[in-house]
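Colleague: For reference, the file final-v7.cif (mmCIF, C-alpha atoms) is included below:
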data_target
#
loop_
_atom_site.label_atom_id
_atom_site.label_comp_id
_atom_site.auth_asym_id
_atom_site.auth_seq_id
_atom_site.Cartn_x
_atom_site.Cartn_y
_atom_site.Cartn_z
CA MET C 1 93.21 301.68 -59.98
CA THR C 2 93.30 298.51 -57.91
CA LEU C 3 92.41 298.28 -54.25
CA TYR C 4 94.27 295.57 -52.34
CA LEU C 5 92.91 294.06 -49.12
CA LYS C 6 95.47 292.13 -47.10
CA ASN C 7 95.08 289.93 -44.03
CA ALA C 8 91.42 289.30 -44.86
CA ARG C 9 89.15 286.41 -43.98
CA TYR C 10 86.98 286.31 -47.06
CA ILE C 11 83.48 284.81 -46.91
CA ASP C 12 82.26 283.87 -50.38
CA ALA C 13 78.68 285.21 -50.53
CA GLU C 14 77.48 282.21 -52.59
CA THR C 15 79.40 279.19 -51.28
CA LEU C 16 79.98 280.61 -47.75
CA LYS C 17 83.53 279.26 -47.91
CA VAL C 18 85.83 281.12 -45.49
CA SER C 19 89.39 281.79 -46.76
CA SER C 20 92.37 283.56 -45.24
CA THR C 21 93.59 285.55 -48.23
CA SER C 22 94.44 288.85 -49.85
CA ILE C 23 92.02 290.37 -52.35
CA ALA C 24 92.56 292.50 -55.45
CA VAL C 25 89.51 294.70 -56.10
CA GLU C 26 88.96 296.29 -59.51
CA GLU C 27 87.41 299.72 -59.79
CA GLY C 28 84.29 300.50 -61.84
CA ALA C 29 80.67 299.51 -62.33
CA LYS C 30 81.71 296.23 -63.96
CA GLY C 31 84.76 295.52 -61.78
CA GLY C 32 85.46 292.20 -60.11
CA ILE C 33 87.73 290.75 -57.45
CA SER C 34 90.54 288.22 -57.33
CA LEU C 35 91.76 286.22 -54.35
CA ILE C 36 95.55 286.42 -54.36
CA ASP C 37 98.32 284.92 -52.25
CA SER C 38 100.11 288.20 -51.60
CA ILE C 39 100.00 291.93 -52.35
CA PRO C 40 102.38 293.09 -55.11
CA ALA C 41 105.42 294.96 -53.88
CA ALA C 42 105.21 298.76 -53.92
CA GLY C 43 107.38 298.96 -57.02
CA ASP C 44 105.11 296.57 -58.90
CA ARG C 45 101.89 298.43 -58.14
CA ASN C 46 100.39 301.14 -60.34
CA GLU C 47 100.13 304.74 -59.30
CA GLY C 48 96.91 305.22 -57.37
CA ASP C 49 96.69 301.65 -56.15
CA GLN C 50 95.68 301.41 -52.50
CA VAL C 51 96.38 298.81 -49.82
CA ILE C 52 94.17 298.26 -46.77
CA ASP C 53 95.21 295.98 -43.93
CA CYS C 54 92.03 294.18 -42.80
CA LYS C 55 93.85 292.87 -39.70
CA GLY C 56 92.10 289.53 -39.83
CA ARG C 57 88.62 291.00 -40.21
CA PHE C 58 85.94 289.28 -42.29
CA VAL C 59 85.26 290.51 -45.81
CA THR C 60 82.20 289.62 -47.87
CA ARG C 61 79.90 291.02 -50.52
CA SER C 62 77.98 294.12 -49.47
CA PHE C 63 74.19 294.29 -49.29
CA GLY C 64 71.28 295.57 -51.38
CA CYS C 65 67.76 296.76 -50.60
CA GLY C 66 64.99 295.43 -52.84
CA HIS C 67 62.29 297.98 -51.91
CA HIS C 68 62.68 301.30 -50.08
CA HIS C 69 60.96 304.67 -49.64
CA ILE C 70 63.87 306.94 -48.84
CA TYR C 71 61.63 310.03 -48.50
CA SER C 72 60.69 308.63 -45.09
CA ALA C 73 64.16 309.67 -43.83
CA LEU C 74 62.76 313.02 -42.62
CA CYS C 75 59.83 311.49 -40.75
CA ARG C 76 61.40 310.45 -37.44
CA GLY C 77 59.75 312.54 -34.73
CA MET C 78 57.30 314.25 -37.09
CA PRO C 79 54.00 315.61 -35.72
CA ALA C 80 51.19 313.17 -35.00
CA PRO C 81 48.59 312.85 -37.76
CA PRO C 82 45.35 314.83 -37.45
CA LYS C 83 43.53 311.58 -36.77
CA ILE C 84 44.77 308.29 -35.34
CA PRO C 85 44.47 305.78 -38.20
CA ASN C 86 42.17 302.80 -37.62
CA ASN C 87 43.14 300.83 -40.73
CA PHE C 88 45.70 300.78 -43.52
CA PRO C 89 43.88 303.13 -45.92
CA GLU C 90 43.78 305.66 -43.09
CA VAL C 91 47.51 305.13 -42.41
CA LEU C 92 48.11 306.16 -46.03
CA GLU C 93 45.65 309.06 -45.96
CA TYR C 94 46.63 310.57 -42.61
CA VAL C 95 50.35 309.76 -42.55
CA TRP C 96 52.20 308.90 -45.77
CA TRP C 97 50.11 310.73 -48.34
CA ARG C 98 50.26 313.86 -46.16
CA VAL C 99 54.05 313.54 -46.16
CA ASP C 100 54.62 312.96 -49.87
CA LYS C 101 52.28 315.81 -50.89
CA ARG C 102 54.49 318.26 -48.99
CA LEU C 103 57.87 317.24 -50.34
CA ASP C 104 59.87 319.68 -52.44
CA LYS C 105 63.22 319.37 -54.21
CA ASP C 106 65.31 320.31 -51.16
CA MET C 107 63.48 317.82 -48.94
CA ILE C 108 63.88 315.10 -51.56
CA GLU C 109 67.60 315.78 -51.82
CA ALA C 110 68.08 315.85 -48.05
CA SER C 111 66.19 312.60 -47.53
CA ALA C 112 68.19 310.85 -50.27
CA LEU C 113 71.51 312.09 -48.87
CA ALA C 114 70.62 311.06 -45.33
CA ALA C 115 69.25 307.66 -46.34
CA GLY C 116 72.18 307.05 -48.70
CA LEU C 117 74.70 307.83 -45.96
CA GLN C 118 72.88 305.63 -43.45
CA MET C 119 72.71 302.76 -45.92
CA ALA C 120 76.40 303.06 -46.72
CA ARG C 121 77.32 302.95 -43.04
CA ARG C 122 75.28 299.75 -42.72
CA GLY C 123 76.97 298.01 -45.64
CA VAL C 124 74.14 298.61 -48.14
CA THR C 125 75.65 299.72 -51.44
CA PHE C 126 72.61 299.40 -53.71
CA CYS C 127 69.02 300.62 -53.28
CA ILE C 128 65.90 299.96 -55.34
CA ASP C 129 63.78 302.94 -54.35
CA HIS C 130 60.09 303.69 -54.89
CA HIS C 131 59.84 307.50 -54.74
CA ALA C 132 56.68 309.58 -54.21
CA SER C 133 56.40 313.36 -54.45
CA PRO C 134 53.19 314.19 -56.38
CA PHE C 135 53.67 317.96 -56.19
CA ALA C 136 57.42 317.94 -56.88
CA ILE C 137 57.74 315.42 -59.70
CA GLU C 138 59.87 317.00 -62.43
CA GLY C 139 63.54 316.17 -61.89
CA SER C 140 62.86 314.27 -58.67
CA LEU C 141 64.44 311.02 -59.86
CA GLU C 142 67.63 312.75 -61.01
CA THR C 143 67.77 314.52 -57.64
CA VAL C 144 67.63 311.19 -55.81
CA ALA C 145 70.15 309.61 -58.19
CA ARG C 146 72.72 312.38 -57.71
CA ALA C 147 72.31 312.32 -53.93
CA PHE C 148 72.81 308.56 -53.84
CA GLU C 149 75.91 308.88 -55.99
CA ARG C 150 77.36 311.52 -53.68
CA THR C 151 77.17 308.98 -50.84
CA GLY C 152 78.42 306.10 -53.00
CA ILE C 153 75.13 304.22 -53.36
CA GLY C 154 74.07 302.44 -56.56
CA HIS C 155 70.41 302.75 -57.47
CA LEU C 156 67.41 301.65 -59.49
CA LEU C 157 64.68 304.28 -59.19
CA CYS C 158 61.07 304.96 -60.12
CA HIS C 159 58.34 307.46 -59.29
CA GLU C 160 55.06 306.39 -57.73
CA SER C 161 52.44 306.98 -60.43
CA SER C 162 48.89 307.18 -59.14
CA ASN C 163 45.48 308.66 -59.93
CA ARG C 164 44.84 309.62 -56.32
CA ASP C 165 45.89 313.24 -56.93
CA GLY C 166 44.25 313.59 -60.33
CA ASP C 167 45.03 312.88 -63.96
CA GLU C 168 47.43 315.82 -64.37
CA ILE C 169 49.70 314.45 -61.62
CA ALA C 170 49.58 311.00 -63.19
CA GLU C 171 50.64 312.51 -66.55
CA LYS C 172 53.58 314.28 -64.91
CA SER C 173 54.69 311.04 -63.26
CA LEU C 174 54.67 309.18 -66.57
CA ALA C 175 56.62 312.04 -68.16
CA GLU C 176 59.20 311.96 -65.34
CA HIS C 177 59.74 308.23 -65.89
CA ASP C 178 60.11 308.71 -69.64
CA ALA C 179 62.56 311.60 -69.32
CA TYR C 180 64.67 309.89 -66.68
CA LEU C 181 64.95 306.58 -68.53
CA SER C 182 65.48 308.31 -71.87
CA SER C 183 68.52 310.07 -70.36
CA GLY C 184 70.21 306.69 -70.06
CA ARG C 185 69.56 306.18 -66.38
CA PRO C 186 68.50 302.66 -65.31
CA GLY C 187 65.14 302.48 -63.59
CA LEU C 188 61.66 301.02 -63.37
CA ILE C 189 58.13 302.29 -63.96
CA GLY C 190 56.58 302.88 -60.57
CA MET C 191 52.93 302.69 -59.60
CA HIS C 192 51.42 302.99 -56.16
CA ALA C 193 48.90 300.12 -56.00
CA SER C 194 45.98 298.74 -57.96
CA PHE C 195 43.40 300.63 -55.89
CA THR C 196 44.89 304.04 -56.84
CA VAL C 197 45.76 303.21 -60.46
CA ASN C 198 43.00 303.22 -63.10
CA ASP C 199 43.01 301.14 -66.27
CA ASP C 200 44.43 303.91 -68.45
CA LEU C 201 47.38 304.58 -66.14
CA LEU C 202 48.07 300.87 -65.71
CA GLU C 203 48.01 300.27 -69.46
CA ARG C 204 50.26 303.24 -70.19
CA SER C 205 52.71 302.33 -67.41
CA VAL C 206 53.13 298.81 -68.82
CA ALA C 207 53.59 300.27 -72.31
CA LEU C 208 56.27 302.65 -70.98
CA ALA C 209 58.06 299.76 -69.31
CA ARG C 210 58.08 297.89 -72.62
CA LYS C 211 59.40 300.98 -74.41
CA HIS C 212 62.38 301.17 -72.07
CA ASP C 213 62.89 297.39 -71.76
CA THR C 214 62.30 297.44 -68.03
CA GLY C 215 59.69 296.35 -65.49
CA VAL C 216 57.10 297.95 -63.27
CA HIS C 217 57.44 298.41 -59.51
CA ILE C 218 54.12 298.32 -57.64
CA HIS C 219 52.65 297.52 -54.22
CA VAL C 220 50.40 294.47 -54.48
CA ALA C 221 47.82 293.17 -51.99
CA GLU C 222 49.64 294.80 -49.09
CA ASP C 223 46.29 295.12 -47.34
CA MET C 224 42.93 293.49 -48.01
CA ALA C 225 41.62 296.91 -49.02
CA ASP C 226 43.54 296.51 -52.29
CA GLN C 227 41.71 293.27 -53.05
CA VAL C 228 38.30 294.56 -51.93
CA HIS C 229 38.62 297.58 -54.23
CA CYS C 230 39.76 295.45 -57.17
CA GLU C 231 36.94 292.96 -56.85
CA LYS C 232 34.35 295.70 -56.41
CA THR C 233 35.65 297.92 -59.23
CA TYR C 234 36.96 295.40 -61.77
CA GLY C 235 35.35 292.10 -60.76
CA LYS C 236 38.68 290.35 -60.28
CA ARG C 237 41.61 290.00 -57.88
CA VAL C 238 44.72 292.19 -58.11
CA ALA C 239 47.06 289.56 -59.55
CA GLN C 240 44.52 288.72 -62.25
CA ARG C 241 44.17 292.40 -63.16
CA LEU C 242 47.93 292.87 -63.41
CA GLN C 243 48.29 289.73 -65.52
CA GLU C 244 45.61 290.85 -67.98
CA PHE C 245 47.38 294.17 -68.53
CA GLY C 246 50.75 292.52 -69.12
CA ALA C 247 52.29 293.81 -65.90
CA LEU C 248 53.59 290.34 -65.01
CA GLU C 249 55.45 289.62 -68.23
CA SER C 250 58.90 290.98 -67.32
CA SER C 251 61.53 289.46 -65.05
CA LYS C 252 62.46 293.05 -64.16
CA THR C 253 59.05 293.68 -62.57
CA ILE C 254 58.87 294.01 -58.77
CA LEU C 255 55.74 293.36 -56.73
CA GLY C 256 55.93 294.66 -53.18
CA HIS C 257 54.35 292.72 -50.29
CA CYS C 258 51.84 290.24 -51.86
CA VAL C 259 50.40 289.51 -48.42
CA HIS C 260 46.74 288.84 -49.25
CA PHE C 261 46.79 286.33 -52.09
CA THR C 262 44.54 283.41 -52.91
CA ASP C 263 46.12 280.15 -54.06
CA GLU C 264 45.15 281.08 -57.61
CA GLU C 265 47.01 284.40 -57.33
CA ARG C 266 50.06 282.66 -55.89
CA SER C 267 50.00 280.38 -58.91
CA ILE C 268 49.65 283.30 -61.35
CA VAL C 269 52.54 285.25 -59.84
CA GLY C 270 54.65 282.22 -58.97
CA GLN C 271 54.57 280.97 -62.55
CA SER C 272 55.46 284.40 -63.95
CA PRO C 273 59.05 285.75 -64.18
CA VAL C 274 58.41 288.69 -61.81
CA TRP C 275 60.04 289.30 -58.43
CA VAL C 276 58.30 289.72 -55.07
CA VAL C 277 59.76 291.77 -52.20
CA SER C 278 59.04 290.90 -48.58
CA ASN C 279 58.86 293.78 -46.07
CA VAL C 280 57.76 292.06 -42.87
CA GLU C 281 58.56 294.87 -40.42
CA SER C 282 56.49 297.35 -42.40
CA ASN C 283 53.64 294.83 -42.59
CA GLN C 284 53.71 294.46 -38.81
CA ASN C 285 54.00 298.20 -38.26
CA ASN C 286 50.96 298.85 -40.46
CA ASN C 287 49.09 295.82 -39.08
CA VAL C 288 48.23 294.57 -42.56
CA GLY C 289 48.96 290.90 -41.84
CA LEU C 290 51.70 288.34 -42.32
CA THR C 291 52.28 285.63 -44.90
CA GLY C 292 54.77 283.07 -46.13
CA TYR C 293 56.56 283.08 -49.48
CA GLU C 294 57.27 279.41 -50.02
CA TRP C 295 55.22 279.59 -53.24
CA ILE C 296 57.70 281.78 -55.14
CA ASN C 297 61.36 281.37 -55.99
CA ASN C 298 61.97 284.97 -57.12
CA ILE C 299 61.81 286.72 -53.76
CA MET C 300 64.07 289.33 -52.20
CA LEU C 301 64.00 291.53 -49.11
CA GLY C 302 63.33 295.23 -48.58
CA THR C 303 62.65 297.74 -45.82
CA ASP C 304 59.65 299.64 -47.27
CA GLY C 305 61.01 302.85 -45.75
CA MET C 306 61.16 301.53 -42.18
CA HIS C 307 64.97 301.86 -41.91
CA ASN C 308 68.19 301.39 -43.90
CA ASP C 309 69.52 298.14 -42.38
CA MET C 310 69.27 295.01 -44.51
CA ILE C 311 70.80 292.71 -41.88
CA ARG C 312 67.98 293.79 -39.57
CA SER C 313 65.46 293.06 -42.34
CA ALA C 314 66.86 289.56 -42.80
CA LYS C 315 66.60 288.81 -39.08
CA ALA C 316 63.01 290.08 -38.99
CA HIS C 317 62.17 287.97 -42.04
CA HIS C 318 63.57 284.94 -40.24
CA LEU C 319 61.48 285.56 -37.12
CA VAL C 320 58.24 286.11 -39.05
CA CYS C 321 58.62 283.41 -41.67
CA THR C 322 59.71 280.79 -39.14
CA GLY C 323 56.08 281.00 -38.05
CA THR C 324 54.38 281.46 -41.41
CA GLU C 325 56.28 278.87 -43.43
CA GLY C 326 58.92 277.15 -41.28
CA ILE C 327 61.78 278.86 -43.09
CA GLY C 328 65.39 277.73 -42.62
CA TYR C 329 68.51 279.84 -42.19
CA ASP C 330 69.68 278.95 -45.68
CA GLU C 331 66.48 280.20 -47.29
CA VAL C 332 66.57 283.46 -45.30
CA TYR C 333 70.09 284.06 -46.56
CA ARG C 334 69.16 283.13 -50.15
CA ARG C 335 66.37 285.69 -50.11
CA PHE C 336 68.69 288.27 -48.54
CA ARG C 337 71.18 287.76 -51.39
CA ASN C 338 68.62 287.44 -54.20
CA VAL C 339 68.74 291.19 -54.83
CA HIS C 340 72.05 290.58 -56.64
CA LYS C 341 70.43 287.98 -58.89
CA TYR C 342 67.64 290.41 -59.71
CA LEU C 343 70.05 293.28 -60.43
CA ALA C 344 72.22 291.11 -62.70
CA GLN C 345 69.57 291.73 -65.39
CA PHE C 346 70.61 295.40 -65.56
CA ASP C 347 73.94 295.77 -67.31
CA GLY C 348 76.50 297.98 -65.58
CA VAL C 349 74.37 299.32 -62.70
CA GLY C 350 77.22 298.75 -60.25
CA ASP C 351 76.18 295.81 -58.10
CA GLY C 352 79.16 293.60 -58.95
CA LEU C 353 81.47 291.54 -56.79
CA ASN C 354 83.65 294.61 -56.16
CA ASN C 355 81.06 295.83 -53.64
CA LEU C 356 82.35 294.61 -50.29
CA VAL C 357 82.04 295.07 -46.53
CA VAL C 358 84.81 294.63 -43.99
CA LEU C 359 83.27 293.32 -40.77
CA ASP C 360 84.79 293.87 -37.34
CA TYR C 361 82.85 290.89 -36.01
CA ASP C 362 84.10 290.01 -32.56
CA SER C 363 82.43 286.63 -32.22
CA PRO C 364 83.19 284.50 -29.12
CA THR C 365 82.87 281.41 -31.34
CA GLU C 366 84.56 280.35 -34.56
CA ILE C 367 83.13 281.03 -38.02
CA THR C 368 83.45 278.11 -40.41
CA ASP C 369 82.11 277.21 -43.84
CA GLU C 370 79.48 275.09 -42.11
CA ASN C 371 78.21 277.48 -39.42
CA PHE C 372 78.24 280.93 -41.05
CA LEU C 373 74.45 281.00 -41.38
CA GLY C 374 74.05 280.68 -37.62
CA HIS C 375 76.35 283.68 -37.19
CA PHE C 376 74.40 285.59 -39.85
CA ILE C 377 71.06 285.08 -38.14
CA PHE C 378 72.10 285.38 -34.49
CA GLY C 379 75.42 287.22 -34.35
CA LEU C 380 76.18 289.60 -37.20
CA GLU C 381 74.87 293.17 -36.91
CA SER C 382 75.26 296.27 -39.02
CA ALA C 383 77.27 297.74 -36.13
CA HIS C 384 80.04 295.34 -37.15
CA VAL C 385 80.46 297.12 -40.53
CA ASN C 386 83.83 298.85 -40.40
CA THR C 387 84.70 299.55 -44.03
CA VAL C 388 82.52 299.59 -47.15
CA ILE C 389 83.71 299.34 -50.74
CA ALA C 390 81.37 300.26 -53.59
CA GLN C 391 82.36 299.64 -57.20
CA GLY C 392 85.94 299.17 -56.09
CA ARG C 393 86.36 302.38 -54.09
CA VAL C 394 86.23 302.90 -50.35
CA ILE C 395 83.09 304.85 -49.37
CA ILE C 396 83.17 304.09 -45.63
CA ALA C 397 86.44 303.80 -43.67
CA ASP C 398 86.47 303.11 -39.95
CA ARG C 399 82.69 303.67 -39.92
CA ARG C 400 82.88 307.17 -41.44
CA SER C 401 82.12 308.36 -44.97
CA THR C 402 85.09 309.12 -47.20
CA LEU C 403 82.90 310.98 -49.70
CA VAL C 404 80.75 313.47 -47.80
CA ASP C 405 80.80 315.56 -44.64
CA GLU C 406 78.48 313.57 -42.37
CA GLU C 407 77.76 316.48 -40.03
CA GLU C 408 76.83 318.66 -42.99
CA ILE C 409 74.51 316.00 -44.44
CA PHE C 410 72.66 315.46 -41.16
CA ALA C 411 72.43 319.20 -40.46
CA TYR C 412 70.83 319.66 -43.90
CA ALA C 413 68.44 316.78 -43.22
CA ARG C 414 67.42 318.27 -39.87
CA GLU C 415 66.80 321.64 -41.51
CA GLN C 416 64.61 320.11 -44.20
CA GLY C 417 62.89 317.87 -41.65
CA VAL C 418 61.81 320.92 -39.66
CA ARG C 419 60.45 322.49 -42.86
CA LEU C 420 58.48 319.32 -43.60
CA TRP C 421 57.13 319.10 -40.05
CA LYS C 422 56.02 322.73 -40.20
CA LYS C 423 54.07 322.03 -43.37
CA LEU C 424 52.48 318.99 -41.75
CA ALA C 425 51.50 320.99 -38.66
CA GLU C 426 49.87 323.65 -40.84
CA GLY C 427 47.43 321.03 -42.13
#
Here is the file; what I need is its structure written in the form of structure tokens.
Modeller:
Amino acid sequence: MTLYLKNARYIDAETLKVSSTSIAVEEGAKGGISLIDSIPAAGDRNEGDQVIDCKGRFVTRSFGCGHHHIYSALCRGMPAPPKIPNNFPEVLEYVWWRVDKRLDKDMIEASALAAGLQMARRGVTFCIDHHASPFAIEGSLETVARAFERTGIGHLLCHESSNRDGDEIAEKSLAEHDAYLSSGRPGLIGMHASFTVNDDLLERSVALARKHDTGVHIHVAEDMADQVHCEKTYGKRVAQRLQEFGALESSKTILGHCVHFTDEERSIVGQSPVWVVSNVESNQNNNVGLTGYEWINNIMLGTDGMHNDMIRSAKAHHLVCTGTEGIGYDEVYRRFRNVHKYLAQFDGVGDGLNNLVVLDYDSPTEITDENFLGHFIFGLESAHVNTVIAQGRVIIADRRSTLVDEEEIFAYAREQGVRLWKKLAEG
């Protein structure tokens, strides 16, 4: 099947060239697009081909999230923690670790469906997720994968391995990774952070990543507590520890945050093939500090569970990094689009050029090849997303899902959210 877009103003995601054109979109995980002068006549099209009139709207490549925690979808309005956190370790202990310990399969499914739908409506067609459910591990990654696929979202998943809940839980997390990746699913080997991962778990996680020809996905130096623990326990900084265990050897490896680095650590990570993900809104929300990323080329953007809107993340990155490193619009946009470069390492995961957004962007000023970046930073919003195409098929049309019943999805999420909140209130 071919999807034809007519009367489009196509913005090339790499060159930023704006063209008035028609577009032929191939279906499938490895599909591409072609800019064409005109749509074939009805008699020349194949059965099942579809034509959409873009009516002069802008069309460009859709978006991807480099680091998410979709289980946070059920947390809006949840009960206050039993104690107001005074620092980041207490934020984890009294908020997020209380949440993930109480998740079950239904809550995991509901959160993935709700987050997937919200991402799709915001033009995000691919999510790299870092999942945590220490007491509902078995089958959790497949549950998330199937929920994402129901909403049309491509994915690269992992489970958050950690020793914080004991060795038995850590073993189950490793087994979940192995089973999921052995089934043929693409993914990563997840770990929480250095300060909750002992040497044995770190060594075995890296070995498992090598077995499946993939990388690890871990939070690194998000807060100074991670560095303090590493120096006290191991006599070294976090980046040095990861390097010694081989965790920095793969270009598929993702390090989240990297806020509290010395120059030596920046050199270690910057000279390695790994990728760093910036999550500036989460850093501000957790009051862990801010940093610049001028020292690394392999950097992309995420949300860290704060929301599902990558345009919003790019704007926040601009505002923060203007102060920390004097970043330009072009570099913000490069980092925003780098997720595609990262994902190109994984064959057939479905983040090709046939993932598109149609933008109903009612700008009072012209968009040209030269000024698009100014529109991206100061004008474009996720509210302008009208139609979303993932792997060549329409998943959002006129701002509504074509794949799922939105009211049903959100009703299910509210039901599971109440169950989660009740468990939290019980202590």
Colleague: Using the chain letters and residue numbers of this document, give as number ranges by chain the residues selected by the PyMOL selection byres ((chain C and resi 113) around 10).
Modeller: C: 70, 73, 107-112, 114-119, 143-151, 153, 404, 406, 409-410, 412-413
Colleague: Create the file for the chosen residues now, containing C-alpha atoms and written as a JSON list (two decimals), keeping the file's coordinate frame.
Modeller:
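Full text of result.json as output:
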[["chain", "number", "residue", "atom", "x", "y", "z"],
["C", 70, "ILE", "CA", 63.87, 306.94, -48.84],
["C", 73, "ALA", "CA", 64.16, 309.67, -43.83],
["C", 107, "MET", "CA", 63.48, 317.82, -48.94],
["C", 108, "ILE", "CA", 63.88, 315.10, -51.56],
["C", 109, "GLU", "CA", 67.60, 315.78, -51.82],
["C", 110, "ALA", "CA", 68.08, 315.85, -48.05],
["C", 111, "SER", "CA", 66.19, 312.60, -47.53],
["C", 112, "ALA", "CA", 68.19, 310.85, -50.27],
["C", 114, "ALA", "CA", 70.62, 311.06, -45.33],
["C", 115, "ALA", "CA", 69.25, 307.66, -46.34],
["C", 116, "GLY", "CA", 72.18, 307.05, -48.70],
["C", 117, "LEU", "CA", 74.70, 307.83, -45.96],
["C", 118, "GLN", "CA", 72.88, 305.63, -43.45],
["C", 119, "MET", "CA", 72.71, 302.76, -45.92],
["C", 143, "THR", "CA", 67.77, 314.52, -57.64],
["C", 144, "VAL", "CA", 67.63, 311.19, -55.81],
["C", 145, "ALA", "CA", 70.15, 309.61, -58.19],
["C", 146, "ARG", "CA", 72.72, 312.38, -57.71],
["C", 147, "ALA", "CA", 72.31, 312.32, -53.93],
["C", 148, "PHE", "CA", 72.81, 308.56, -53.84],
["C", 149, "GLU", "CA", 75.91, 308.88, -55.99],
["C", 150, "ARG", "CA", 77.36, 311.52, -53.68],
["C", 151, "THR", "CA", 77.17, 308.98, -50.84],
["C", 153, "ILE", "CA", 75.13, 304.22, -53.36],
["C", 404, "VAL", "CA", 80.75, 313.47, -47.80],
["C", 406, "GLU", "CA", 78.48, 313.57, -42.37],
["C", 409, "ILE", "CA", 74.51, 316.00, -44.44],
["C", 410, "PHE", "CA", 72.66, 315.46, -41.16],
["C", 412, "TYR", "CA", 70.83, 319.66, -43.90],
["C", 413, "ALA", "CA", 68.44, 316.78, -43.22]]
Colleague: Name all residues at most 12 Å from range 217-219 of chain C (count all atoms listed in the file; drop same-chain ones fewer than 4 positions away) and give them as a PyMOL selection string.
Modeller: chain C and resi 66-69+128-131+156-162+177+187-197+202+205-206+209+223+226-227+238-239+242+247-248+250-260+274-279+283+304
Colleague: Closest to His318 in chain C among C:Ile377, C:Val358, C:Ile395, C:Thr291, using all atoms listed in the file?
Modeller: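 Under the stated criterion, the closest residue is C:Ile377.
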Colleague: Residues of range 116-219 of chain C that approach range 89-99 of chain C to 10 Å or less, counting all atoms listed in the file: could you list each one with the shortest pair of atoms and its distance in Å to one decimal, rows by chain and increasing residue number, as a tab-separated table?
Modeller:
residue	atom	partner	partner_atom	distance
C:Ala132	CA	C:Trp97	CA	8.9
C:Ser133	CA	C:Val99	CA	8.6
C:Pro134	CA	C:Trp97	CA	9.3
C:Arg164	CA	C:Trp97	CA	9.6
C:Asp165	CA	C:Trp97	CA	9.9
Colleague: Grab the CA of Glu325 in chain C to CA of Asn308 in chain C distance for me, in Å with one decimal place.
Modeller: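 Atom-to-atom, CA of Glu325 in chain C and CA of Asn308 in chain C are spaced 25.5 Å apart.
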Colleague: On this structure, which residues satisfy the PyMOL selection byres ((chain C and resi 8-18) around 8), written as a PDB file with C-alpha atoms, in the frame of the given file?
Modeller:
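Result saved to selection06.pdb:
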ATOM      1  CA  LEU C   5      92.910 294.060 -49.120  1.00  0.00           C
ATOM      2  CA  LYS C   6      95.470 292.130 -47.100  1.00  0.00           C
ATOM      3  CA  ASN C   7      95.080 289.930 -44.030  1.00  0.00           C
ATOM      4  CA  SER C  19      89.390 281.790 -46.760  1.00  0.00           C
ATOM      5  CA  SER C  20      92.370 283.560 -45.240  1.00  0.00           C
ATOM      6  CA  THR C  21      93.590 285.550 -48.230  1.00  0.00           C
ATOM      7  CA  SER C  22      94.440 288.850 -49.850  1.00  0.00           C
ATOM      8  CA  ILE C  23      92.020 290.370 -52.350  1.00  0.00           C
ATOM      9  CA  ASP C  53      95.210 295.980 -43.930  1.00  0.00           C
ATOM     10  CA  CYS C  54      92.030 294.180 -42.800  1.00  0.00           C
ATOM     11  CA  LYS C  55      93.850 292.870 -39.700  1.00  0.00           C
ATOM     12  CA  GLY C  56      92.100 289.530 -39.830  1.00  0.00           C
ATOM     13  CA  ARG C  57      88.620 291.000 -40.210  1.00  0.00           C
ATOM     14  CA  PHE C  58      85.940 289.280 -42.290  1.00  0.00           C
ATOM     15  CA  VAL C  59      85.260 290.510 -45.810  1.00  0.00           C
ATOM     16  CA  THR C  60      82.200 289.620 -47.870  1.00  0.00           C
ATOM     17  CA  ARG C  61      79.900 291.020 -50.520  1.00  0.00           C
ATOM     18  CA  ARG C 337      71.180 287.760 -51.390  1.00  0.00           C
ATOM     19  CA  ILE C 367      83.130 281.030 -38.020  1.00  0.00           C
ATOM     20  CA  THR C 368      83.450 278.110 -40.410  1.00  0.00           C
ATOM     21  CA  ASP C 369      82.110 277.210 -43.840  1.00  0.00           C
ATOM     22  CA  GLU C 370      79.480 275.090 -42.110  1.00  0.00           C
ATOM     23  CA  PHE C 372      78.240 280.930 -41.050  1.00  0.00           C
TER      24      PHE C 372
END
Colleague: For Asn163 in chain C, list every protein, DNA or RNA residue within 9 Å, evaluated using all atoms listed in the file, and leave out those in the same chain fewer than 5 positions away; present the list as a PyMOL selection string.
Modeller: chain C and resi 168-170+196-198+201
Colleague: Once the PyMOL selection byres ((chain C and resi 379-385) around 7) has been applied to the shown file, what residues remain in the selection, as a PyMOL selection string?
Modeller: chain C and resi 122-123+309+311+357-361+375-378+386-387+399
Colleague: May I ask for the distance between CA of Lys423 in chain C and CA of Pro85 in chain C, given in Å to one decimal place?
Modeller: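 These two atoms are separated by 19.6 Å.
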